[in-house]
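Notes for the one structure printed next.
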2 protein chains.
Amino acid sequence: MSKQPKNTLRDSVYTSLKAMIVTGQIPPGSRVTESDIAAKLNVSRTPVREAFNRLERDGLVTGRPRQGYVVTEFDINMFREAFAIRELLDGHATELAAAAATDKDKARLRAMLAECERLAAIPDRTTKEKFQELEVGIDLHRVIAEISGNAMLHGMLCGILDKCQHYVWTELLWLDEWKIARDEHAEIVEAICAGDAARAGALARAHVRGSRENVLRLLQAKSDYQSFLAKAS
Amino acid sequence: MSKQPKNTLRDSVYTSLKAMIVTGQIPPGSRVTESDIAAKLNVSRTPVREAFNRLERDGLVTGRPRQGYVVTEFDINMFREAFAIRELLDGHATELAAAAATDKDKARLRAMLAECERLAAIPDRTTKEKFQELEVGIDLHRVIAEISGNAMLHGMLCGILDKCQHYVWTELLWLDEWKIARDEHAEIVEAICAGDAARAGALARAHVRGSRENVLRLLQAKSDYQSFLAKAS
DNA sequence: ACACTGAAAATTGTATACAAAATCGCATGC
DNA sequence: GCATGCGATTTTGTATACAATTTTCAGTGT
């Protein structure tokens with residue numbers, strides 16, 4: 001497809017599939033067959049199978065023995081679970097990052113903030129640009145986890161953030177009220193740059209809690225809207 | 001081989017391989033080839049490949065593009081990383097478990113404690129029995145995570161515990177000083193049964209920190225012993 | 001003795017062929 | 001009309017064949 005050719009087909013397929021799933025091109029609940037994907041990407045089933053294995057391990061698809069794969073449908077319960085863990089891991093990672101960040105790291109974080117700002121300032125944004133802002137905002141957390149120096153923590157947090165991104169993108173981004181908490185991100189970066197671990201950690205935890213509440217509120221609104229539609233018809 | 005026949009060969013191979021790795025039958029740092037394992041288990045390379053994929057995702061083996069797989073060697077740094085995360089996740093899981101445990105759950109935990117006690121009381125234990133005690137002690141944490149009701153937390157903690165088990169088993173269990181902190185486990189279970197979430201969480205966090213210090217002390221002793229051997233020869 | 005070349009061996013990456021199992025549809029019997 | 005059973009189709013699970021690449025090691029030249 002129009003993807004950068006990776007070293008191995010397996011990685012290429014994995015990346016493509018993951019992008020398609022996270023962005024909702026393949027909506028949650030869809031049944032996906034190895035043959036279809038293989039045909040669509042012009043490869044054999046083998047690399048597709050291995051990609052599916054990894055995606056299943058990531059929790060983005062669920063596969064039952066001889067029954068094929070289905071793009072995971074996240075319910076509100078999984079969302080709560082993910083955010084409870086994020087609060088722990090993100091908080092700790094941010095504390096560590098504040099203690100470990102080099103000047104180069106700090107510059108990198110500031111550049112991401114600026115990029116986020118730039119994307120937010122575009123008038124009449126397309127869906128793609130909205131997604132880019134969301135992605136940069138989440139990437140900020142990934143980079144903070146990387147800076148923390150704890151590779152295992154970084155890996156686990158990336159996995160959770162993928163799921164959160166998937167959930168927000170497929171369920172909520174259509175809402176106009178959606179908005180990245182840019183000020184909170186800026187405060188966190190500021191605390192990291194100041195080397196204030198305690199403050200950075202507290203801000204990060206509060207930010208995760210705030211995001212959770214924000215999303216839950218939007219989910220409620222969506223649910224209300226849908227039941228309104230149902231009653232009206 | 002002498003494993004219970006699972007539904008799919010892939011799962012069977014995964015289970016067998018994981019057991020062989022975690023118990024050190026295949027020592028860390030060994031090169032493992034698909035063909036060897038396939039021959040040893042009398043299956044084709046395909047299920048072995050998929051098992052390797054999952055094990056790589058688990059972090060138990062590391063594989064480079066066309067270079068084969070190597071059983072991951074955990075260094076002391078990874079160990080510290082794992083325990084930092086365990087402190088967060090185990091603490092939270094134990095808090096949740098204290099709030100959520102049913103009578104059946106409590107009975108299950110008490111039964112595991114009793115089993116641990118029984119294994120510890122065996123005189124002149126074999127290596128296998130030592131490993132069983134370790135396994136039950138770690139399983140206790142897995143079950144607590146399960147009881148917490150947060151499936152994602154449970155899954156992540158299981159992954160980390162596998163690595164810790166692997167590390168302890170391959171690096172430290174030969175030491176006679178090794179000893180499961182049975183009293184601490186008992187205290188944690190007690191707090192869970194009493195429904196005291198704050199106390200249970202605090203105990204769990206302290207227990208993880210204590211385990212970490214214990215292991216680090218043993219590693220130091222091992223290192224001292226090895227340098228003593230080197231100087232003597 | 002050492003470095004470099006190049007072919008052979010070993011090993012993974014990919015494709016494909018075949019087997020087993022599940023699902024779907026249809027017909028048949030009650 | 002509905003349930004049930006049987007067969008055809010679809011889809012995954014496994015094995016194997018082939019391609020690509022890396023490593024190894026022997027041989028040669030300096």
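Just remember, in the structure tokens the first chain shown is A, the second B, etc., residues are 1-based per chain, and ligands are 1-based in the order shown.
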
Q. Leaving out DG25 in chain C and any residue of its chain fewer than 5 positions from it, which residues lie within 10 Å of it when counting only C-alpha atoms (C1' of nucleotides), given as a PyMOL selection string?
A. chain D and resi 7-9

Selection from above, all heavy atoms, as a PDB file, in the first residue's frame, can you write it?
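Heads up, here's the output in out-v1.pdb:
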```pdb
ATOM      1  P    DG D   7     -24.184 -35.869   4.200  1.00  0.00           P
ATOM      2  OP1  DG D   7     -24.427 -37.060   3.357  1.00  0.00           O
ATOM      3  OP2  DG D   7     -23.211 -35.921   5.308  1.00  0.00           O
ATOM      4  O5'  DG D   7     -23.795 -34.661   3.231  1.00  0.00           O
ATOM      5  C5'  DG D   7     -24.734 -34.190   2.256  1.00  0.00           C
ATOM      6  C4'  DG D   7     -24.400 -32.747   1.878  1.00  0.00           C
ATOM      7  O4'  DG D   7     -24.581 -31.878   3.032  1.00  0.00           O
ATOM      8  C3'  DG D   7     -22.962 -32.515   1.406  1.00  0.00           C
ATOM      9  O3'  DG D   7     -22.981 -31.626   0.319  1.00  0.00           O
ATOM     10  C2'  DG D   7     -22.300 -31.890   2.621  1.00  0.00           C
ATOM     11  C1'  DG D   7     -23.443 -31.054   3.174  1.00  0.00           C
ATOM     12  N9   DG D   7     -23.320 -30.678   4.577  1.00  0.00           N
ATOM     13  C8   DG D   7     -23.034 -31.505   5.637  1.00  0.00           C
ATOM     14  N7   DG D   7     -23.008 -30.874   6.777  1.00  0.00           N
ATOM     15  C5   DG D   7     -23.297 -29.560   6.453  1.00  0.00           C
ATOM     16  C6   DG D   7     -23.408 -28.412   7.280  1.00  0.00           C
ATOM     17  O6   DG D   7     -23.276 -28.334   8.512  1.00  0.00           O
ATOM     18  N1   DG D   7     -23.716 -27.276   6.539  1.00  0.00           N
ATOM     19  C2   DG D   7     -23.880 -27.240   5.180  1.00  0.00           C
ATOM     20  N2   DG D   7     -24.167 -26.062   4.639  1.00  0.00           N
ATOM     21  N3   DG D   7     -23.780 -28.313   4.389  1.00  0.00           N
ATOM     22  C4   DG D   7     -23.487 -29.425   5.096  1.00  0.00           C
ATOM     23  P    DA D   8     -21.931 -31.729  -0.805  1.00  0.00           P
ATOM     24  OP1  DA D   8     -22.556 -32.192  -2.050  1.00  0.00           O
ATOM     25  OP2  DA D   8     -20.739 -32.419  -0.259  1.00  0.00           O
ATOM     26  O5'  DA D   8     -21.586 -30.178  -0.982  1.00  0.00           O
ATOM     27  C5'  DA D   8     -22.667 -29.250  -1.202  1.00  0.00           C
ATOM     28  C4'  DA D   8     -22.222 -27.851  -0.823  1.00  0.00           C
ATOM     29  O4'  DA D   8     -22.181 -27.720   0.627  1.00  0.00           O
ATOM     30  C3'  DA D   8     -20.830 -27.442  -1.318  1.00  0.00           C
ATOM     31  O3'  DA D   8     -20.897 -26.124  -1.832  1.00  0.00           O
ATOM     32  C2'  DA D   8     -19.963 -27.530  -0.079  1.00  0.00           C
ATOM     33  C1'  DA D   8     -20.940 -27.165   1.024  1.00  0.00           C
ATOM     34  N9   DA D   8     -20.622 -27.721   2.337  1.00  0.00           N
ATOM     35  C8   DA D   8     -20.246 -29.011   2.623  1.00  0.00           C
ATOM     36  N7   DA D   8     -20.049 -29.232   3.901  1.00  0.00           N
ATOM     37  C5   DA D   8     -20.310 -28.007   4.494  1.00  0.00           C
ATOM     38  C6   DA D   8     -20.273 -27.565   5.838  1.00  0.00           C
ATOM     39  N6   DA D   8     -19.956 -28.373   6.853  1.00  0.00           N
ATOM     40  N1   DA D   8     -20.584 -26.281   6.088  1.00  0.00           N
ATOM     41  C2   DA D   8     -20.904 -25.492   5.049  1.00  0.00           C
ATOM     42  N3   DA D   8     -20.980 -25.786   3.753  1.00  0.00           N
ATOM     43  C4   DA D   8     -20.662 -27.063   3.538  1.00  0.00           C
ATOM     44  P    DT D   9     -19.690 -25.477  -2.606  1.00  0.00           P
ATOM     45  OP1  DT D   9     -20.188 -24.897  -3.865  1.00  0.00           O
ATOM     46  OP2  DT D   9     -18.599 -26.470  -2.632  1.00  0.00           O
ATOM     47  O5'  DT D   9     -19.271 -24.277  -1.639  1.00  0.00           O
ATOM     48  C5'  DT D   9     -20.297 -23.523  -0.974  1.00  0.00           C
ATOM     49  C4'  DT D   9     -19.687 -22.694   0.144  1.00  0.00           C
ATOM     50  O4'  DT D   9     -19.521 -23.491   1.334  1.00  0.00           O
ATOM     51  C3'  DT D   9     -18.303 -22.100  -0.162  1.00  0.00           C
ATOM     52  O3'  DT D   9     -18.300 -20.723   0.169  1.00  0.00           O
ATOM     53  C2'  DT D   9     -17.365 -22.895   0.725  1.00  0.00           C
ATOM     54  C1'  DT D   9     -18.262 -23.204   1.909  1.00  0.00           C
ATOM     55  N1   DT D   9     -17.860 -24.399   2.701  1.00  0.00           N
ATOM     56  C2   DT D   9     -17.893 -24.331   4.076  1.00  0.00           C
ATOM     57  O2   DT D   9     -18.240 -23.337   4.680  1.00  0.00           O
ATOM     58  N3   DT D   9     -17.523 -25.477   4.716  1.00  0.00           N
ATOM     59  C4   DT D   9     -17.113 -26.669   4.131  1.00  0.00           C
ATOM     60  O4   DT D   9     -16.798 -27.643   4.811  1.00  0.00           O
ATOM     61  C5   DT D   9     -17.090 -26.669   2.696  1.00  0.00           C
ATOM     62  C7   DT D   9     -16.658 -27.894   1.971  1.00  0.00           C
ATOM     63  C6   DT D   9     -17.462 -25.546   2.054  1.00  0.00           C
TER      64       DT D   9
END
```

Give me, as a compact mmCIF listing (two decimals) with all heavy atoms, in the first residue's frame, all polymer residues having an atom no more than 12 Å from Cys193 in chain A, counting only C-alpha atoms (C1' of nucleotides) and skipping those fewer than 5 positions away in the same chain.
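Saved the output as around_4.txt:
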```txt
# COMPACT_ATOMS: atom_id res chain seq x y z
N THR A 94 6.40 10.23 34.75
CA THR A 94 6.62 11.68 34.72
C THR A 94 7.55 12.11 35.84
O THR A 94 8.43 12.96 35.65
CB THR A 94 5.28 12.43 34.80
OG1 THR A 94 4.40 11.92 33.80
CG2 THR A 94 5.48 13.91 34.59
N GLU A 95 7.38 11.49 37.00
CA GLU A 95 8.32 11.78 38.10
C GLU A 95 9.75 11.45 37.68
O GLU A 95 10.68 12.25 37.86
CB GLU A 95 7.97 10.94 39.33
CG GLU A 95 6.84 11.52 40.16
CD GLU A 95 6.49 10.60 41.34
OE1 GLU A 95 7.20 9.60 41.57
OE2 GLU A 95 5.47 10.87 42.00
N ALA A 97 10.94 11.14 34.70
CA ALA A 97 11.39 11.99 33.61
C ALA A 97 11.88 13.33 34.13
O ALA A 97 12.87 13.89 33.65
CB ALA A 97 10.27 12.18 32.60
N ALA A 98 11.17 13.86 35.12
CA ALA A 98 11.58 15.16 35.67
C ALA A 98 12.97 15.08 36.27
O ALA A 98 13.74 16.05 36.24
CB ALA A 98 10.57 15.62 36.73
N ALA A 99 13.30 13.91 36.81
CA ALA A 99 14.62 13.76 37.42
C ALA A 99 15.70 13.46 36.39
O ALA A 99 16.88 13.72 36.63
CB ALA A 99 14.57 12.64 38.46
N ALA A 100 15.31 12.94 35.24
CA ALA A 100 16.31 12.41 34.31
C ALA A 100 16.47 13.23 33.03
O ALA A 100 17.41 13.01 32.27
CB ALA A 100 15.95 10.98 33.94
N ALA A 101 15.56 14.16 32.77
CA ALA A 101 15.53 14.82 31.47
C ALA A 101 16.81 15.63 31.22
O ALA A 101 17.25 16.40 32.07
CB ALA A 101 14.31 15.74 31.38
N THR A 102 17.39 15.42 30.04
CA THR A 102 18.52 16.23 29.62
C THR A 102 18.01 17.47 28.88
O THR A 102 16.82 17.59 28.61
CB THR A 102 19.42 15.44 28.66
OG1 THR A 102 18.67 15.18 27.48
CG2 THR A 102 19.86 14.13 29.28
N ASP A 103 18.91 18.36 28.54
CA ASP A 103 18.50 19.56 27.80
C ASP A 103 17.88 19.19 26.47
O ASP A 103 16.90 19.79 26.03
CB ASP A 103 19.72 20.47 27.58
CG ASP A 103 20.13 21.16 28.88
OD1 ASP A 103 19.33 21.14 29.83
OD2 ASP A 103 21.26 21.69 28.94
N LYS A 104 18.45 18.18 25.85
CA LYS A 104 17.92 17.73 24.57
C LYS A 104 16.49 17.21 24.74
O LYS A 104 15.60 17.52 23.93
CB LYS A 104 18.83 16.61 24.04
CG LYS A 104 18.75 16.39 22.54
CD LYS A 104 19.85 15.42 22.12
CE LYS A 104 19.53 14.78 20.78
NZ LYS A 104 20.45 13.66 20.49
N ASP A 105 16.28 16.45 25.78
CA ASP A 105 14.93 15.95 26.06
C ASP A 105 13.95 17.10 26.24
O ASP A 105 12.84 17.09 25.70
CB ASP A 105 14.94 15.08 27.33
CG ASP A 105 15.73 13.80 27.15
OD1 ASP A 105 15.80 13.30 26.02
OD2 ASP A 105 16.28 13.31 28.16
N LYS A 106 14.39 18.08 27.01
CA LYS A 106 13.49 19.21 27.28
C LYS A 106 13.14 19.93 25.99
O LYS A 106 11.97 20.32 25.79
CB LYS A 106 14.16 20.17 28.27
CG LYS A 106 14.36 19.54 29.66
CD LYS A 106 15.18 20.44 30.58
CE LYS A 106 15.45 19.71 31.90
NZ LYS A 106 16.35 20.47 32.80
N ALA A 107 14.12 20.11 25.13
CA ALA A 107 13.85 20.77 23.85
C ALA A 107 12.85 19.96 23.03
O ALA A 107 11.95 20.51 22.39
CB ALA A 107 15.16 20.94 23.08
N ARG A 108 13.00 18.66 23.09
CA ARG A 108 12.10 17.79 22.35
C ARG A 108 10.67 17.95 22.84
O ARG A 108 9.72 18.04 22.05
CB ARG A 108 12.57 16.34 22.54
CG ARG A 108 11.91 15.35 21.62
CD ARG A 108 12.56 13.99 21.78
NE ARG A 108 11.81 12.95 21.12
CZ ARG A 108 11.93 11.66 21.42
NH1 ARG A 108 12.78 11.29 22.36
NH2 ARG A 108 11.23 10.75 20.78
N LEU A 109 10.50 17.97 24.14
CA LEU A 109 9.16 18.13 24.70
C LEU A 109 8.56 19.47 24.30
O LEU A 109 7.39 19.56 23.92
CB LEU A 109 9.22 18.01 26.23
CG LEU A 109 9.56 16.63 26.78
CD1 LEU A 109 9.68 16.66 28.30
CD2 LEU A 109 8.51 15.61 26.36
N ARG A 110 9.38 20.51 24.36
CA ARG A 110 8.87 21.84 24.01
C ARG A 110 8.47 21.89 22.54
O ARG A 110 7.47 22.51 22.17
CB ARG A 110 9.93 22.91 24.29
CG ARG A 110 10.18 23.13 25.79
CD ARG A 110 10.66 24.54 26.07
NE ARG A 110 10.99 24.72 27.48
CZ ARG A 110 12.21 24.47 27.99
NH1 ARG A 110 13.19 24.05 27.21
NH2 ARG A 110 12.43 24.65 29.28
N ILE A 144 7.62 11.19 27.21
CA ILE A 144 7.92 11.34 28.63
C ILE A 144 8.30 9.99 29.23
O ILE A 144 9.27 9.88 29.99
CB ILE A 144 6.72 11.96 29.37
CG1 ILE A 144 6.57 13.43 28.99
CG2 ILE A 144 6.88 11.82 30.88
CD1 ILE A 144 5.30 14.09 29.52
N ILE A 147 11.76 9.15 28.21
CA ILE A 147 12.75 9.94 28.94
C ILE A 147 12.95 9.40 30.36
O ILE A 147 14.03 9.51 30.94
CB ILE A 147 12.32 11.42 28.97
CG1 ILE A 147 12.38 12.01 27.56
CG2 ILE A 147 13.20 12.23 29.91
CD1 ILE A 147 11.81 13.40 27.45
N ALA A 186 1.23 21.55 28.94
CA ALA A 186 2.26 22.60 29.06
C ALA A 186 2.78 22.66 30.50
O ALA A 186 3.99 22.76 30.74
CB ALA A 186 1.69 23.94 28.64
N GLU A 187 1.86 22.56 31.46
CA GLU A 187 2.28 22.61 32.86
C GLU A 187 3.18 21.43 33.22
O GLU A 187 4.17 21.59 33.94
CB GLU A 187 1.03 22.58 33.77
CG GLU A 187 0.36 23.93 33.93
CD GLU A 187 -0.76 23.83 34.97
OE1 GLU A 187 -1.63 22.95 34.82
OE2 GLU A 187 -0.75 24.62 35.91
N ILE A 188 2.81 20.26 32.69
CA ILE A 188 3.62 19.07 32.98
C ILE A 188 5.02 19.24 32.42
O ILE A 188 6.03 18.99 33.10
CB ILE A 188 2.94 17.81 32.40
CG1 ILE A 188 1.66 17.51 33.16
CG2 ILE A 188 3.89 16.62 32.45
CD1 ILE A 188 0.78 16.45 32.50
N ARG A 199 6.05 17.70 41.70
CA ARG A 199 5.01 18.49 41.03
C ARG A 199 4.63 17.87 39.68
O ARG A 199 3.45 17.77 39.34
CB ARG A 199 5.51 19.93 40.84
CG ARG A 199 4.54 20.83 40.12
CD ARG A 199 5.05 22.29 40.14
NE ARG A 199 4.59 23.03 38.97
CZ ARG A 199 3.37 23.54 38.85
NH1 ARG A 199 2.50 23.39 39.83
NH2 ARG A 199 3.01 24.18 37.76
N ALA A 200 5.63 17.45 38.93
CA ALA A 200 5.37 16.86 37.61
C ALA A 200 4.50 15.61 37.77
O ALA A 200 3.52 15.43 37.03
CB ALA A 200 6.68 16.52 36.92
```

Q: Can you check which residues of chain C have any atom within 8 Å of chain A? Use only C-alpha atoms (C1' of nucleotides) and format it as a PyMOL selection string.
A: chain C and resi 13-15+21-22

Deliver the residues from the most recent selection as a file, using N, CA, C and O atoms (P, O5', C5', C4', C3', O3' and C1' of nucleotides), as a PDB file, in the first residue's frame.
```pdb
ATOM      1  P    DG C  13      12.680 -13.957  10.648  1.00  0.00           P
ATOM      2  O5'  DG C  13      12.354 -13.962   9.100  1.00  0.00           O
ATOM      3  C5'  DG C  13      12.887 -12.921   8.281  1.00  0.00           C
ATOM      4  C4'  DG C  13      12.217 -12.941   6.914  1.00  0.00           C
ATOM      5  C3'  DG C  13      10.691 -12.777   6.946  1.00  0.00           C
ATOM      6  O3'  DG C  13      10.301 -11.923   5.872  1.00  0.00           O
ATOM      7  C1'  DG C  13      11.243 -14.820   5.887  1.00  0.00           C
ATOM      8  P    DT C  14       8.811 -11.451   5.745  1.00  0.00           P
ATOM      9  O5'  DT C  14       8.256 -12.470   4.648  1.00  0.00           O
ATOM     10  C5'  DT C  14       8.843 -12.488   3.358  1.00  0.00           C
ATOM     11  C4'  DT C  14       8.223 -13.562   2.504  1.00  0.00           C
ATOM     12  C3'  DT C  14       6.694 -13.556   2.439  1.00  0.00           C
ATOM     13  O3'  DT C  14       6.320 -13.286   1.108  1.00  0.00           O
ATOM     14  C1'  DT C  14       7.556 -15.770   2.717  1.00  0.00           C
ATOM     15  P    DA C  15       4.789 -13.209   0.703  1.00  0.00           P
ATOM     16  O5'  DA C  15       4.554 -14.642   0.081  1.00  0.00           O
ATOM     17  C5'  DA C  15       5.455 -15.107  -0.905  1.00  0.00           C
ATOM     18  C4'  DA C  15       5.106 -16.526  -1.322  1.00  0.00           C
ATOM     19  C3'  DA C  15       3.623 -16.776  -1.617  1.00  0.00           C
ATOM     20  O3'  DA C  15       3.501 -17.403  -2.881  1.00  0.00           O
ATOM     21  C1'  DA C  15       4.450 -18.388  -0.067  1.00  0.00           C
ATOM     22  P    DA C  21     -10.672 -31.481  13.982  1.00  0.00           P
ATOM     23  O5'  DA C  21     -11.479 -30.163  14.374  1.00  0.00           O
ATOM     24  C5'  DA C  21     -10.794 -28.922  14.483  1.00  0.00           C
ATOM     25  C4'  DA C  21     -11.695 -27.790  14.038  1.00  0.00           C
ATOM     26  C3'  DA C  21     -13.163 -27.945  14.448  1.00  0.00           C
ATOM     27  O3'  DA C  21     -13.542 -26.790  15.147  1.00  0.00           O
ATOM     28  C1'  DA C  21     -12.987 -27.330  12.174  1.00  0.00           C
ATOM     29  P    DA C  22     -14.847 -26.847  16.081  1.00  0.00           P
ATOM     30  O5'  DA C  22     -15.639 -25.567  15.545  1.00  0.00           O
ATOM     31  C5'  DA C  22     -14.909 -24.375  15.314  1.00  0.00           C
ATOM     32  C4'  DA C  22     -15.604 -23.543  14.256  1.00  0.00           C
ATOM     33  C3'  DA C  22     -17.113 -23.381  14.493  1.00  0.00           C
ATOM     34  O3'  DA C  22     -17.460 -22.033  14.377  1.00  0.00           O
ATOM     35  C1'  DA C  22     -16.701 -24.115  12.295  1.00  0.00           C
TER      36       DA C  22
END
```

Q: Using only C-alpha atoms, determine which residues of chain B fall within 12 Å of chain A; present them as a PyMOL selection string.
A: chain B and resi 6-11+46-59+64-66+74+77-93+96+148-157+159-160+163

Q. In Å, how far is it from CA of Thr127 in chain A to CA of Ser12 in chain A?
A. 24.6 Å

Q) Please, which residues of range 3-223 of chain B, numbered as in this document, come out strand (DSSP E or B) from DSSP, as a VMD selection string? A) chain B and resid 31 to 32 61 to 64 68 to 71

Just write the chosen residues, C-alpha atoms, as a PDB file, in the first residue's frame.
```pdb
ATOM      1  CA  ARG B  31      20.505 -19.175  21.032  1.00  0.00           C
ATOM      2  CA  VAL B  32      17.341 -21.054  20.154  1.00  0.00           C
ATOM      3  CA  VAL B  61      13.161 -13.957  24.201  1.00  0.00           C
ATOM      4  CA  THR B  62      14.613 -11.285  21.966  1.00  0.00           C
ATOM      5  CA  GLY B  63      14.832 -11.798  18.239  1.00  0.00           C
ATOM      6  CA  ARG B  64      16.651  -9.785  15.628  1.00  0.00           C
ATOM      7  CA  GLY B  68      17.342 -15.893  15.309  1.00  0.00           C
ATOM      8  CA  TYR B  69      16.134 -15.767  18.865  1.00  0.00           C
ATOM      9  CA  VAL B  70      18.006 -15.549  22.142  1.00  0.00           C
ATOM     10  CA  VAL B  71      16.604 -16.177  25.600  1.00  0.00           C
TER      11      VAL B  71
END
```

Residue list for chain D near chain B as an mmCIF file with N, CA and C atoms (P, O5', C5', C4', C3', O3' and C1' of nucleotides), in the first residue's frame, 10 Å, only C-alpha atoms (C1' of nucleotides):
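Below is the file that was written, selection33.cif:
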```
data_model
loop_
_atom_site.group_PDB
_atom_site.id
_atom_site.type_symbol
_atom_site.label_atom_id
_atom_site.label_comp_id
_atom_site.auth_asym_id
_atom_site.auth_seq_id
_atom_site.Cartn_x
_atom_site.Cartn_y
_atom_site.Cartn_z
ATOM 1 P P DG D 13 -6.226 -20.387 14.036
ATOM 2 O "O5'" DG D 13 -5.729 -21.819 13.563
ATOM 3 C "C5'" DG D 13 -6.242 -22.972 14.213
ATOM 4 C "C4'" DG D 13 -5.441 -24.194 13.812
ATOM 5 C "C3'" DG D 13 -3.939 -24.108 14.121
ATOM 6 O "O3'" DG D 13 -3.501 -25.369 14.612
ATOM 7 C "C1'" DG D 13 -4.249 -24.487 11.803
ATOM 8 P P DT D 14 -2.056 -25.527 15.154
ATOM 9 O "O5'" DT D 14 -1.325 -26.228 13.927
ATOM 10 C "C5'" DT D 14 -1.808 -27.489 13.454
ATOM 11 C "C4'" DT D 14 -1.045 -27.911 12.222
ATOM 12 C "C3'" DT D 14 0.480 -27.869 12.339
ATOM 13 O "O3'" DT D 14 0.958 -29.186 12.222
ATOM 14 C "C1'" DT D 14 -0.261 -26.970 10.259
ATOM 15 P P DA D 15 2.509 -29.509 12.326
ATOM 16 O "O5'" DA D 15 2.891 -29.638 10.792
ATOM 17 C "C5'" DA D 15 2.101 -30.492 9.964
ATOM 18 C "C4'" DA D 15 2.575 -30.411 8.520
ATOM 19 C "C3'" DA D 15 4.086 -30.495 8.316
ATOM 20 O "O3'" DA D 15 4.361 -31.475 7.330
ATOM 21 C "C1'" DA D 15 3.234 -28.584 7.209
ATOM 22 P P DT D 16 5.860 -31.968 7.070
ATOM 23 O "O5'" DT D 16 6.273 -31.191 5.744
ATOM 24 C "C5'" DT D 16 5.338 -31.159 4.668
ATOM 25 C "C4'" DT D 16 5.744 -30.155 3.610
ATOM 26 C "C3'" DT D 16 7.246 -30.077 3.304
ATOM 27 O "O3'" DT D 16 7.412 -29.993 1.903
ATOM 28 C "C1'" DT D 16 6.429 -27.942 3.688
ATOM 29 P P DA D 20 14.765 -14.242 -3.864
ATOM 30 O "O5'" DA D 20 15.317 -13.623 -2.511
ATOM 31 C "C5'" DA D 20 14.397 -13.259 -1.489
ATOM 32 C "C4'" DA D 20 15.153 -12.973 -0.201
ATOM 33 C "C3'" DA D 20 16.519 -12.305 -0.396
ATOM 34 O "O3'" DA D 20 16.707 -11.345 0.617
ATOM 35 C "C1'" DA D 20 16.798 -14.292 0.804
ATOM 36 P P DT D 21 17.907 -10.309 0.442
ATOM 37 O "O5'" DT D 21 18.589 -10.314 1.878
ATOM 38 C "C5'" DT D 21 17.839 -10.759 3.021
ATOM 39 C "C4'" DT D 21 18.754 -11.413 4.027
ATOM 40 C "C3'" DT D 21 20.187 -10.868 4.043
ATOM 41 O "O3'" DT D 21 20.563 -10.646 5.384
ATOM 42 C "C1'" DT D 21 20.220 -13.209 3.964
ATOM 43 P P DT D 22 21.716 -9.593 5.747
ATOM 44 O "O5'" DT D 22 22.289 -10.171 7.124
ATOM 45 C "C5'" DT D 22 21.470 -11.009 7.924
ATOM 46 C "C4'" DT D 22 22.242 -12.239 8.345
ATOM 47 C "C3'" DT D 22 23.702 -11.963 8.722
ATOM 48 O "O3'" DT D 22 23.903 -12.338 10.057
ATOM 49 C "C1'" DT D 22 23.530 -13.888 7.349
ATOM 50 P P DT D 23 25.236 -11.925 10.836
ATOM 51 O "O5'" DT D 23 26.002 -13.316 10.969
ATOM 52 C "C5'" DT D 23 25.262 -14.468 11.379
ATOM 53 C "C4'" DT D 23 26.029 -15.736 11.034
ATOM 54 C "C3'" DT D 23 27.500 -15.710 11.442
ATOM 55 O "O3'" DT D 23 27.778 -16.858 12.216
ATOM 56 C "C1'" DT D 23 27.272 -16.426 9.196
#
```

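What separates CA of Leu60 in chain B from CA of Glu171 in chain B is a distance of 14.7 Å.
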
Q) Could you work out how far CA of Met112 in chain A lies from CA of Glu184 in chain A, giving the answer in Å with one decimal? A) 13.6 Å

Q. Can you list, as a ChimeraX atom specification, every residue of chain B that DSSP puts in helix (DSSP H, G or I)?
A. /B:9-22,34-41,45-58,76-100,103-121,127-147,151-171,182-193,197-232
